[in-house]
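A.B. asks: Have a peek at upload_39.pdb (PDB, C-alpha atoms, pLDDT in the B column).
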```
ATOM      1  CA  MET A 185     135.046-166.501 -15.829  1.00 57.00           C
ATOM      2  CA  THR A 186     137.105-164.401 -18.227  1.00 54.00           C
ATOM      3  CA  ALA A 187     140.704-165.155 -19.119  1.00 71.00           C
ATOM      4  CA  MET A 188     143.173-163.766 -16.629  1.00 80.00           C
ATOM      5  CA  ALA A 189     146.408-161.976 -17.363  1.00 85.00           C
ATOM      6  CA  PRO A 190     149.608-163.807 -16.353  1.00 84.00           C
ATOM      7  CA  THR A 191     150.238-161.323 -13.543  1.00 89.00           C
ATOM      8  CA  GLU A 192     146.719-161.919 -12.175  1.00 88.00           C
ATOM      9  CA  ILE A 193     147.262-165.686 -12.243  1.00 86.00           C
ATOM     10  CA  LYS A 194     150.550-165.350 -10.328  1.00 87.00           C
ATOM     11  CA  ALA A 195     148.954-162.989  -7.810  1.00 89.00           C
ATOM     12  CA  LEU A 196     146.019-165.340  -7.247  1.00 87.00           C
ATOM     13  CA  ALA A 197     148.385-168.287  -6.790  1.00 86.00           C
ATOM     14  CA  ARG A 198     150.249-166.313  -4.091  1.00 88.00           C
ATOM     15  CA  ILE A 199     147.087-165.582  -2.083  1.00 87.00           C
ATOM     16  CA  VAL A 200     145.006-168.692  -2.841  1.00 86.00           C
ATOM     17  CA  ALA A 201     145.920-170.245   0.518  1.00 83.00           C
ATOM     18  CA  GLU A 202     144.497-167.209   2.343  1.00 86.00           C
ATOM     19  CA  LEU A 203     141.091-167.279   0.623  1.00 89.00           C
ATOM     20  CA  ASP A 204     138.200-169.196   2.095  1.00 90.00           C
ATOM     21  CA  TYR A 205     136.297-171.488  -0.221  1.00 91.00           C
ATOM     22  CA  TYR A 206     133.496-168.988  -0.762  1.00 93.00           C
ATOM     23  CA  GLN A 207     135.929-166.238  -1.744  1.00 91.00           C
ATOM     24  CA  LEU A 208     137.793-168.601  -4.037  1.00 92.00           C
ATOM     25  CA  LEU A 209     134.634-169.531  -5.932  1.00 93.00           C
ATOM     26  CA  HIS A 210     133.194-165.982  -5.764  1.00 93.00           C
ATOM     27  CA  LEU A 211     130.170-167.111  -3.751  1.00 94.00           C
ATOM     28  CA  GLU A 212     128.027-165.702  -0.975  1.00 94.00           C
ATOM     29  CA  ARG A 213     127.799-167.833   2.183  1.00 91.00           C
ATOM     30  CA  SER A 214     124.110-168.328   1.428  1.00 93.00           C
ATOM     31  CA  ALA A 215     124.835-169.842  -2.009  1.00 94.00           C
ATOM     32  CA  SER A 216     122.600-172.694  -3.084  1.00 95.00           C
ATOM     33  CA  PRO A 217     124.015-176.062  -4.173  1.00 94.00           C
ATOM     34  CA  ARG A 218     123.216-175.071  -7.746  1.00 96.00           C
ATOM     35  CA  ASP A 219     125.199-171.820  -7.396  1.00 96.00           C
ATOM     36  CA  ILE A 220     128.129-173.755  -5.947  1.00 95.00           C
ATOM     37  CA  LYS A 221     128.116-176.185  -8.838  1.00 96.00           C
ATOM     38  CA  ARG A 222     127.999-173.377 -11.421  1.00 96.00           C
ATOM     39  CA  ALA A 223     130.824-171.479  -9.747  1.00 95.00           C
ATOM     40  CA  TYR A 224     132.929-174.620  -9.537  1.00 95.00           C
ATOM     41  CA  HIS A 225     132.454-175.474 -13.193  1.00 94.00           C
ATOM     42  CA  ALA A 226     133.289-171.926 -14.285  1.00 92.00           C
ATOM     43  CA  SER A 227     136.443-171.849 -12.138  1.00 91.00           C
ATOM     44  CA  SER A 228     137.355-175.381 -13.102  1.00 89.00           C
ATOM     45  CA  ARG A 229     137.234-174.550 -16.806  1.00 89.00           C
ATOM     46  CA  ALA A 230     139.286-171.392 -16.328  1.00 89.00           C
ATOM     47  CA  PHE A 231     141.990-173.042 -14.220  1.00 89.00           C
ATOM     48  CA  HIS A 232     142.140-176.561 -15.619  1.00 88.00           C
ATOM     49  CA  PRO A 233     145.783-177.436 -16.365  1.00 86.00           C
ATOM     50  CA  ASP A 234     144.908-179.082 -19.690  1.00 87.00           C
ATOM     51  CA  ALA A 235     143.139-175.954 -20.893  1.00 86.00           C
ATOM     52  CA  ASN A 236     146.256-173.941 -20.059  1.00 85.00           C
ATOM     53  CA  ARG A 237     148.950-176.163 -21.591  1.00 85.00           C
ATOM     54  CA  HIS A 238     150.099-173.316 -23.814  1.00 87.00           C
ATOM     55  CA  LEU A 239     151.342-171.273 -20.823  1.00 87.00           C
ATOM     56  CA  ASP A 240     154.945-171.324 -19.609  1.00 89.00           C
ATOM     57  CA  ALA A 241     155.979-173.682 -16.812  1.00 89.00           C
ATOM     58  CA  GLU A 242     155.727-171.070 -14.032  1.00 90.00           C
ATOM     59  CA  LEU A 243     152.155-170.160 -14.994  1.00 90.00           C
ATOM     60  CA  GLN A 244     151.199-173.826 -15.392  1.00 89.00           C
ATOM     61  CA  SER A 245     152.425-174.453 -11.852  1.00 89.00           C
ATOM     62  CA  ALA A 246     150.334-171.523 -10.578  1.00 90.00           C
ATOM     63  CA  ILE A 247     147.283-172.752 -12.515  1.00 91.00           C
ATOM     64  CA  THR A 248     147.692-176.259 -11.077  1.00 91.00           C
ATOM     65  CA  GLN A 249     147.891-174.866  -7.540  1.00 90.00           C
ATOM     66  CA  ILE A 250     144.709-172.842  -8.071  1.00 91.00           C
ATOM     67  CA  ALA A 251     142.899-175.774  -9.730  1.00 91.00           C
ATOM     68  CA  LYS A 252     143.653-178.045  -6.772  1.00 90.00           C
ATOM     69  CA  ARG A 253     142.290-175.494  -4.357  1.00 91.00           C
ATOM     70  CA  VAL A 254     139.145-174.990  -6.488  1.00 92.00           C
ATOM     71  CA  SER A 255     138.523-178.758  -6.426  1.00 91.00           C
ATOM     72  CA  GLU A 256     139.098-178.830  -2.670  1.00 89.00           C
ATOM     73  CA  ALA A 257     136.577-176.026  -2.207  1.00 91.00           C
ATOM     74  CA  TYR A 258     133.968-177.839  -4.277  1.00 93.00           C
ATOM     75  CA  GLN A 259     134.470-181.125  -2.430  1.00 90.00           C
ATOM     76  CA  VAL A 260     133.721-179.384   0.862  1.00 90.00           C
ATOM     77  CA  LEU A 261     130.934-177.007  -0.179  1.00 93.00           C
ATOM     78  CA  ARG A 262     128.905-179.479  -2.241  1.00 93.00           C
ATOM     79  CA  ASP A 263     128.343-181.854   0.680  1.00 88.00           C
ATOM     80  CA  PRO A 264     125.921-180.482   3.313  1.00 87.00           C
ATOM     81  CA  ASN A 265     127.708-182.153   6.245  1.00 81.00           C
ATOM     82  CA  ARG A 266     131.153-181.012   5.134  1.00 84.00           C
ATOM     83  CA  ARG A 267     129.844-177.527   4.415  1.00 88.00           C
ATOM     84  CA  ARG A 268     128.275-177.315   7.887  1.00 84.00           C
ATOM     85  CA  GLY A 269     131.585-178.359   9.476  1.00 80.00           C
ATOM     86  CA  TYR A 270     133.501-175.868   7.355  1.00 83.00           C
ATOM     87  CA  GLU A 271     131.152-173.028   8.236  1.00 87.00           C
ATOM     88  CA  GLU A 272     131.579-173.833  11.935  1.00 83.00           C
ATOM     89  CA  MET A 273     135.336-173.658  11.468  1.00 83.00           C
ATOM     90  CA  LEU A 274     135.050-170.287   9.695  1.00 86.00           C
ATOM     91  CA  ALA A 275     132.776-168.948  12.438  1.00 86.00           C
ATOM     92  CA  ALA A 276     135.302-170.030  15.060  1.00 82.00           C
ATOM     93  CA  GLY A 277     138.069-168.282  13.096  1.00 81.00           C
ATOM     94  CA  THR A 278     140.316-171.341  13.052  1.00 76.00           C
ATOM     95  CA  GLY A 279     141.374-171.099   9.408  1.00 74.00           C
ATOM     96  CA  VAL A 280     140.174-171.136   5.826  1.00 74.00           C
ATOM     97  CA  ARG A 281     141.081-174.703   4.838  1.00 70.00           C
ATOM     98  CA  ILE A 282     139.751-177.971   6.172  1.00 65.00           C
ATOM     99  CA  ARG A 283     140.589-181.575   5.444  1.00 63.00           C
ATOM    100  CA  LEU A 284     137.687-183.484   3.902  1.00 58.00           C
ATOM    101  CA  ALA A 285     137.565-186.107   6.623  1.00 58.00           C
ATOM    102  CA  GLU A 286     137.586-183.425   9.314  1.00 64.00           C
ATOM    103  CA  ALA A 287     134.795-181.493   7.571  1.00 62.00           C
ATOM    104  CA  SER A 288     132.682-184.629   7.281  1.00 59.00           C
ATOM    105  CA  LEU A 289     133.187-185.552  10.936  1.00 62.00           C
ATOM    106  CA  GLN A 290     132.336-182.058  12.168  1.00 63.00           C
ATOM    107  CA  GLY A 291     129.189-181.919  10.056  1.00 60.00           C
ATOM    108  CA  GLU A 292     128.066-185.404  11.093  1.00 63.00           C
ATOM    109  CA  ARG A 293     128.767-184.663  14.753  1.00 65.00           C
ATOM    110  CA  LYS A 294     126.633-181.538  14.592  1.00 64.00           C
ATOM    111  CA  ALA A 295     123.793-183.408  12.863  1.00 62.00           C
ATOM    112  CA  THR A 296     123.959-186.220  15.443  1.00 61.00           C
ATOM    113  CA  GLU A 297     123.936-183.713  18.295  1.00 60.00           C
ATOM    114  CA  SER A 298     120.811-182.068  16.961  1.00 62.00           C
ATOM    115  CA  ARG A 299     119.068-185.439  16.530  1.00 69.00           C
ATOM    116  CA  GLN A 300     120.155-187.050  19.783  1.00 75.00           C
ATOM    117  CA  GLY A 301     120.967-184.073  21.973  1.00 77.00           C
ATOM    118  CA  ARG A 302     124.123-182.261  22.929  1.00 79.00           C
ATOM    119  CA  THR A 303     123.714-182.391  26.708  1.00 85.00           C
ATOM    120  CA  PRO A 304     123.738-185.591  28.765  1.00 87.00           C
ATOM    121  CA  GLN A 305     120.300-184.810  30.207  1.00 89.00           C
ATOM    122  CA  GLY A 306     118.880-183.947  26.782  1.00 87.00           C
ATOM    123  CA  ARG A 307     120.142-187.267  25.404  1.00 85.00           C
ATOM    124  CA  GLN A 308     118.832-189.157  28.431  1.00 90.00           C
ATOM    125  CA  TYR A 309     115.283-187.844  28.116  1.00 92.00           C
ATOM    126  CA  PHE A 310     115.333-188.102  24.333  1.00 89.00           C
ATOM    127  CA  ASN A 311     116.283-191.781  24.606  1.00 89.00           C
ATOM    128  CA  LEU A 312     113.479-192.337  27.120  1.00 92.00           C
ATOM    129  CA  ALA A 313     111.040-190.603  24.750  1.00 91.00           C
ATOM    130  CA  SER A 314     112.243-192.735  21.834  1.00 89.00           C
ATOM    131  CA  GLY A 315     111.574-195.889  23.846  1.00 92.00           C
ATOM    132  CA  ASP A 316     108.142-194.582  24.808  1.00 92.00           C
ATOM    133  CA  ALA A 317     107.363-193.831  21.166  1.00 90.00           C
ATOM    134  CA  LYS A 318     108.361-197.358  20.121  1.00 92.00           C
ATOM    135  CA  ARG A 319     105.908-198.691  22.678  1.00 93.00           C
ATOM    136  CA  GLN A 320     103.374-196.127  21.440  1.00 92.00           C
ATOM    137  CA  ASP A 321     103.093-194.608  24.904  1.00 93.00           C
ATOM    138  CA  TRP A 322     102.525-191.143  23.467  1.00 93.00           C
ATOM    139  CA  SER A 323     101.842-189.292  26.713  1.00 94.00           C
ATOM    140  CA  ALA A 324     105.066-190.567  28.306  1.00 95.00           C
ATOM    141  CA  ALA A 325     106.982-189.727  25.097  1.00 93.00           C
ATOM    142  CA  ALA A 326     105.567-186.190  25.182  1.00 94.00           C
ATOM    143  CA  ARG A 327     106.531-185.797  28.842  1.00 94.00           C
ATOM    144  CA  ASN A 328     110.092-186.975  28.242  1.00 93.00           C
ATOM    145  CA  LEU A 329     110.502-184.813  25.141  1.00 91.00           C
ATOM    146  CA  GLN A 330     109.237-181.805  27.068  1.00 93.00           C
ATOM    147  CA  THR A 331     111.829-182.542  29.751  1.00 93.00           C
ATOM    148  CA  ALA A 332     114.553-182.947  27.119  1.00 90.00           C
ATOM    149  CA  LEU A 333     113.574-179.537  25.761  1.00 91.00           C
ATOM    150  CA  THR A 334     114.088-177.944  29.184  1.00 92.00           C
ATOM    151  CA  PHE A 335     117.782-178.887  28.830  1.00 91.00           C
ATOM    152  CA  GLU A 336     117.977-178.007  25.123  1.00 87.00           C
ATOM    153  CA  PRO A 337     115.294-175.413  24.368  1.00 90.00           C
ATOM    154  CA  ASP A 338     116.759-174.609  20.933  1.00 87.00           C
ATOM    155  CA  ASN A 339     116.837-178.211  19.640  1.00 86.00           C
ATOM    156  CA  ALA A 340     114.670-178.132  16.515  1.00 84.00           C
ATOM    157  CA  PHE A 341     114.620-181.925  16.177  1.00 85.00           C
ATOM    158  CA  PHE A 342     113.242-182.366  19.695  1.00 88.00           C
ATOM    159  CA  LYS A 343     110.582-179.739  18.963  1.00 90.00           C
ATOM    160  CA  SER A 344     109.460-181.415  15.743  1.00 88.00           C
ATOM    161  CA  MET A 345     109.351-184.823  17.407  1.00 87.00           C
ATOM    162  CA  LEU A 346     107.265-183.381  20.246  1.00 91.00           C
ATOM    163  CA  ALA A 347     104.827-181.892  17.726  1.00 92.00           C
ATOM    164  CA  ASP A 348     104.525-185.321  16.046  1.00 90.00           C
ATOM    165  CA  VAL A 349     103.926-187.048  19.363  1.00 91.00           C
ATOM    166  CA  ARG A 350     101.319-184.493  20.411  1.00 91.00           C
ATOM    167  CA  SER A 351      99.466-184.978  17.122  1.00 90.00           C
ATOM    168  CA  LYS A 352      99.235-188.692  17.907  1.00 87.00           C
ATOM    169  CA  ILE A 353      97.774-187.983  21.344  1.00 84.00           C
ATOM    170  CA  ARG A 354      94.866-186.022  19.871  1.00 73.00           C
TER     171      ARG A 354
END
```
Using the file provided, produce a representation of the structure as C-alpha cells.
C.D. replies:
Amino acid sequence: MTAMAPTEIKALARIVAELDYYQLLHLERSASPRDIKRAYHASSRAFHPDANRHLDAELQSAITQIAKRVSEAYQVLRDPNRRRGYEEMLAAGTGVRIRLAEASLQGERKATESRQGRTPQGRQYFNLASGDAKRQDWSAAARNLQTALTFEPDNAFFKSMLADVRSKIR
C-alpha cells in the first residue's frame, strides 16, 4: 500500500465505519486466507500508529482509528466460522461491523446446523441414523438418513454421511 496524503487519511477515517471488512482491506469476497493475510499485513504496515509517529495529532488519531478497524477486519475474516457469520450478516444487510463473539456464534451455529440439521425432523432422523451407525446397522442408518434428507434436501453433511453409509452396505 502506498503512502497516503493527509487529506486521504482524514477522508478514510471519516468513512471507515461505513466500509465492510472486504472493502477496508481491498479484497474480493472470494479471497483466500492467504490473500486476507497479505492484505492485512499491507494495511497494518501502512496504518500502524508507531510507523506514523511523525504525523500531527489529528492525523495520528485518524490513523489509530483506521488501524483498529483493520485489525477488527482481520480478526473476523481470518477465522472461517467468524467469516461465515459475517458474510451471513452482510447478505442479510444488517450492517458492516460485527462483534467477534457474535461472529463466532453465528458461524458455529451455522456449522452445527449443517452437521446436525436445521429442522426438528432432520435432527430427529439424523440422530436415529447416528445411533444406527454406532451399532453398525448400516441399512437402518441409510433409511434414517434418507428420511432426514427429505426434510433437508440441501444438507451436504447428510448427503456425505449417506454416501459413506451406502459404501459400507456394499
A.B. asks: With a distance cut-off of 12 Å and all atoms listed in the file, select the neighbouring residues of Ala251 (chain A), excluding the residue or stretch itself and same-chain residues fewer than 5 positions from it, and output the selection as a VMD selection string.
C.D. replies: chain A and resid 193 196 to 197 200 208 to 209 224 to 236 244 to 246 256 to 258
A.B. asks: Would you please work out which residue, of A:Ile250, A:Met188, A:Leu261, A:Ala241, is nearest to Leu211 (chain A) when using all atoms listed in the file?
C.D. replies: A:Leu261
A.B. asks: Give me, please, the distance in Å between CA of Ile353 (chain A) and CA of Ala340 (chain A), quoted to one decimal.
C.D. replies: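 Distance between the two atoms: 20.1 Å.
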A.B. asks: Taking the file as I've supplied it (selection: the PyMOL selection byres ((chain A and resi 305) around 12)), which residues are included? Please answer as a ChimeraX atom specification.
C.D. replies: /A:300-304,306-312,328-336
A.B. asks: Looking at all atoms listed in the file, which of A:Gly279, A:Pro190, A:Pro217, A:Gly269 is the one that sits closest to Leu203 (chain A)?
C.D. replies: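 Among the listed residues, the smallest separation from Leu203 (chain A) belongs to A:Gly279.
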